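Worksheet for the structure shown next.
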Amino acid sequence: MCPHTPPCPDASRPDREAARTIISHPEQGWSLLCNGIVVFEDTGELLPDGEPIAPHRPTDVICQPARPVQPKDVPAKSSHSPAA
């Protein structure tokens, strides 16, 4: 039974990952939530009844390639030379 107020979502609910972390082992890549779920750093889960949940969220951000610089994007050089 969850001692938190408001209580953590049950392991059977869709929002089960919102439960509080009670044990964390980031060096091993897992944490235990108050509702008995073990969550892994790859976003997989192990439910209290032993049912595995496959990773389901992207863990890497995909970056768009940089847009090549076009000649019109480069500011024109000043025709004035610095005073000496």
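By convention in this document, the chains of the structure tokens carry letters A, B, ... by their order, each chain's residues are numbered from 1, and ligands are numbered from 1 in the order they are shown.
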(request) Would you mind listing what lies within 12 Å of Pro7 of chain A as a list in words, with only C-alpha atoms counted and same-chain residues fewer than 4 positions away left out? (result) Met1, Cys2, Pro3, Ala11, Arg16, Ala18, Ala19, Arg20, Cys34 and Asn35 of chain A
Please provide the set of residues having any atom within 8 Å of Ile22 of chain A, restricted to only C-alpha atoms, with same-chain residues fewer than 3 positions apart removed, written as a tab-separated table (two decimals) with C-alpha atoms, in the first residue's frame.
chain	number	residue	atom	x	y	z
A	31	SER	CA	14.79	2.13	-10.33
A	32	LEU	CA	11.97	0.73	-8.19
A	33	LEU	CA	8.75	2.71	-8.02
A	34	CYS	CA	6.38	2.82	-5.05
key: Shell around Gly44 of chain A at 7 Å using only C-alpha atoms, local window under 4 positions removed, as a count of residues only   = 6
Atom CA of Pro6 of chain A to atom CA of Glu27 of chain A measures 29.6 Å
